[in-house]
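Engineer: I'd like to ask you about the structure that follows.
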Amino acid sequence: MSTPSLTEGDQLHTVISEDMSPGRILAGRALVWSSALLLVSLAVIQALHDAETISFGFENWRPVLYAYMTWAISMGVAQVLIRGEQGKRALFVLPAVLFVVSMVVFPLLFGLYISFTDWNLSSLTGRKFNGLDNFWQMLGDPFYWNALKNMVYYVLAIVVEYAIAFGLALLLSAQIRARKFFRVVFLLPLMLSPVAVSWMVGKSMMEIRFGPLANLGRFLGWETPSFFGSPEIARLTIMVMDAWTFIPFMMIMLVAGLQALPKEVLEASKVDGCNAWQSFWQVIFPLMLPVSITAIVIRIIFKLKLADIIINVTAGGPGGATDSVTSFIFREYRDRSNVGYGTLLAMVYLILIVIFVTSFLSFVKRWMRPTT
């Protein structure tokens, strides 16, 4: 009489890697590595061919795309060969991973390659590899460093924006009349696009001859109410316009945080004899730190992308006084058609953003640990 197998009648038995034969596992791994080697080889050959380092290659990058599709299919097949039933489950996650690789990793690598080329769309010579020439040009570009300096001013302005947003949040969380109406009114700037704000406010209301704000300035004694004539006033005006647009975003997040505070803690602070100022600094503000940090980080991310208001109102002027890094890179593409140099500036700016945000979050984490 034969002994029944362990899996006989087991309808829920899962085939794991230990149940796979060594030959099947070896075939799966060989499939992955061979397709990956094919993809890398074709990509390197095409990159060297475009850089005119080697004479043989392809006319375009289409063979690399076909190799990537082959590698993607091989990854799915290999998961089943190596991991069995668990590999079939991984197939549901694999499309998302491949999408991220296609839409994020590949463009990032291509942009990194472009940043080491001399590629001007107005030139008849096309794209040429020039090594670190773009990097040395960036180090000696005073307009790029001026744009980075302006970004420091713009980011520091978030401190004032946060203070105003917190004050408005406290006001709208208090028991005042028409509280819901004021919440909607204060959110109106956020509903407008920055392009609409730049034309409605910057180009119309601040117009030096007939703008209402310019006329108000004359009425108050400002002889030449030019909001974009001097570097300092122009930069401050851009800050005010951007703050007017995005302060409601921080305000609504802080309002939500204030409404989520435990009422028992606030009532206990009143019983202990805390006045309004002590209650704010010793109870409300520490409890609101997680929400505050989240609002500030998101606002920093939006601020680092500041470009649309500047492009539409001042185009970086006067003399680059209002330029942000993003607006400067945009004009490098649009006005000078300098794709290679503009891409290098964008790559360097991306690295600076990653370093800054990571350092900021690390500092906040260490600072909040003893505070909370």
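Residues in the structure tokens are numbered from 1 in each chain, the chains being A, B, ... in the order shown, and ligands are numbered from 1 in the order shown.
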What's the 12 Å shell around Ile233 (chain A), counting only C-alpha atoms, without same-chain residues fewer than 4 positions away, as a ChimeraX atom specification?
Structural biologist: /A:225-229,237-240,314,317-318,321-322
Engineer: Per residue of region 159-195 of chain A within 12 Å of region 148-154 of chain A, note the shortest atom pair and the distance in Å to one decimal, counting only C-alpha atoms, and order the rows by chain and increasing residue number, as a Markdown table.
Structural biologist:
| residue | atom | partner | partner_atom | distance |
| --- | --- | --- | --- | --- |
| A:Val159 | CA | A:Tyr154 | CA | 9.9 |
| A:Val160 | CA | A:Tyr154 | CA | 10.6 |
| A:Glu161 | CA | A:Tyr154 | CA | 10.6 |
Engineer: Could you work out how far CA of Arg299 (chain A) lies from CA of Ile329 (chain A), giving the answer in Å with one decimal?
Structural biologist: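 Those two atoms sit 20.9 Å apart.
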Engineer: From the options A:Ile82, A:Met69, A:Val339, A:Val197, which residue's atoms come nearest to Leu121 (chain A), counting only C-alpha atoms?
Structural biologist: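 Looking only at the distances to Leu121 (chain A), the closest residue turns out to be A:Val339.
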Engineer: Nearest to Leu187 (chain A) among A:Ala67, A:Leu168, A:Ile311, A:Ala157, with distances taken over only C-alpha atoms: which residue is it?
Structural biologist: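 For Leu187 (chain A), the nearest of the candidates is A:Leu168.
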Engineer: Using only C-alpha atoms, which residues sit within 8 Å of Ser327 (chain A) once same-chain residues fewer than 5 positions away are excluded, as a VMD selection string?
Structural biologist: chain A and resid 306 to 308 310 to 311 315 to 316
Engineer: Those residues with C-alpha atoms, as a PDB file, in the first residue's frame please?
Structural biologist:
ATOM      1  CA  LEU A 306       8.270  78.564  -7.522  1.00  0.00           C
ATOM      2  CA  ALA A 307       8.348  79.699 -11.159  1.00  0.00           C
ATOM      3  CA  ASP A 308       4.946  80.503 -12.699  1.00  0.00           C
ATOM      4  CA  ILE A 310       7.917  84.964 -11.640  1.00  0.00           C
ATOM      5  CA  ILE A 311       7.796  83.953 -15.306  1.00  0.00           C
ATOM      6  CA  ALA A 315      10.550  87.088 -16.150  1.00  0.00           C
ATOM      7  CA  GLY A 316      13.261  87.112 -13.474  1.00  0.00           C
TER       8      GLY A 316
END
Engineer: For region 18-34 of chain A, find every residue with an atom within 8 Å (counting only C-alpha atoms), except residues of its own chain fewer than 2 positions away, and show them as a VMD selection string.
Structural biologist: chain A and resid 15 to 16 36 to 38 71 74 to 75 77 to 79 81 to 84
Engineer: Go ahead and save the residues from that selection, with N, CA and C atoms, as a PDB file, in the first residue's frame.
Structural biologist:
ATOM      1  N   VAL A  15       3.061  26.407  -3.174  1.00  0.00           N
ATOM      2  CA  VAL A  15       4.349  25.970  -3.693  1.00  0.00           C
ATOM      3  C   VAL A  15       5.381  27.043  -3.361  1.00  0.00           C
ATOM      4  N   ILE A  16       6.340  26.729  -2.536  1.00  0.00           N
ATOM      5  CA  ILE A  16       7.370  27.681  -2.143  1.00  0.00           C
ATOM      6  C   ILE A  16       8.676  27.318  -2.837  1.00  0.00           C
ATOM      7  N   ALA A  36      18.726  41.025 -18.306  1.00  0.00           N
ATOM      8  CA  ALA A  36      19.301  42.245 -17.736  1.00  0.00           C
ATOM      9  C   ALA A  36      20.620  42.597 -18.408  1.00  0.00           C
ATOM     10  N   LEU A  37      21.447  41.572 -18.685  1.00  0.00           N
ATOM     11  CA  LEU A  37      22.714  41.815 -19.373  1.00  0.00           C
ATOM     12  C   LEU A  37      22.480  42.353 -20.776  1.00  0.00           C
ATOM     13  N   LEU A  38      21.475  41.825 -21.461  1.00  0.00           N
ATOM     14  CA  LEU A  38      21.135  42.324 -22.793  1.00  0.00           C
ATOM     15  C   LEU A  38      20.696  43.783 -22.740  1.00  0.00           C
ATOM     16  N   TRP A  71      13.137  42.315 -20.751  1.00  0.00           N
ATOM     17  CA  TRP A  71      13.545  42.137 -19.359  1.00  0.00           C
ATOM     18  C   TRP A  71      12.342  42.144 -18.426  1.00  0.00           C
ATOM     19  N   SER A  74      10.645  38.837 -18.744  1.00  0.00           N
ATOM     20  CA  SER A  74      11.493  37.818 -18.126  1.00  0.00           C
ATOM     21  C   SER A  74      11.413  37.868 -16.612  1.00  0.00           C
ATOM     22  N   MET A  75      11.310  39.068 -16.053  1.00  0.00           N
ATOM     23  CA  MET A  75      11.160  39.193 -14.613  1.00  0.00           C
ATOM     24  C   MET A  75       9.903  38.499 -14.117  1.00  0.00           C
ATOM     25  N   VAL A  77       8.194  36.024 -15.629  1.00  0.00           N
ATOM     26  CA  VAL A  77       8.320  34.565 -15.803  1.00  0.00           C
ATOM     27  C   VAL A  77       9.258  33.984 -14.758  1.00  0.00           C
ATOM     28  N   ALA A  78      10.366  34.688 -14.481  1.00  0.00           N
ATOM     29  CA  ALA A  78      11.331  34.182 -13.518  1.00  0.00           C
ATOM     30  C   ALA A  78      10.760  34.133 -12.110  1.00  0.00           C
ATOM     31  N   GLN A  79       9.901  35.073 -11.759  1.00  0.00           N
ATOM     32  CA  GLN A  79       9.274  35.047 -10.437  1.00  0.00           C
ATOM     33  C   GLN A  79       8.481  33.754 -10.234  1.00  0.00           C
ATOM     34  N   LEU A  81       8.962  30.893 -11.951  1.00  0.00           N
ATOM     35  CA  LEU A  81       9.874  29.762 -11.989  1.00  0.00           C
ATOM     36  C   LEU A  81      10.616  29.583 -10.673  1.00  0.00           C
ATOM     37  N   ILE A  82      11.007  30.675 -10.052  1.00  0.00           N
ATOM     38  CA  ILE A  82      11.829  30.586  -8.852  1.00  0.00           C
ATOM     39  C   ILE A  82      10.980  30.437  -7.587  1.00  0.00           C
ATOM     40  N   ARG A  83       9.877  31.184  -7.491  1.00  0.00           N
ATOM     41  CA  ARG A  83       9.114  31.254  -6.242  1.00  0.00           C
ATOM     42  C   ARG A  83       7.770  30.551  -6.296  1.00  0.00           C
ATOM     43  N   GLY A  84       7.371  30.032  -7.424  1.00  0.00           N
ATOM     44  CA  GLY A  84       6.132  29.292  -7.517  1.00  0.00           C
ATOM     45  C   GLY A  84       4.900  30.150  -7.302  1.00  0.00           C
TER      46      GLY A  84
END
Engineer: Neighbours of Trp244 (chain A) within 12 Å (only C-alpha atoms; same-chain residues fewer than 2 positions away dropped), as a count of residues only?
Structural biologist: 32
Engineer: So, counting only C-alpha atoms, which residue among A:Trp222, A:Phe280, A:Phe166, A:Phe328 is closest to Phe143 (chain A)?
Structural biologist: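 Between A:Trp222, A:Phe280, A:Phe166, A:Phe328, the residue approaching Phe143 (chain A) most closely is A:Phe328.
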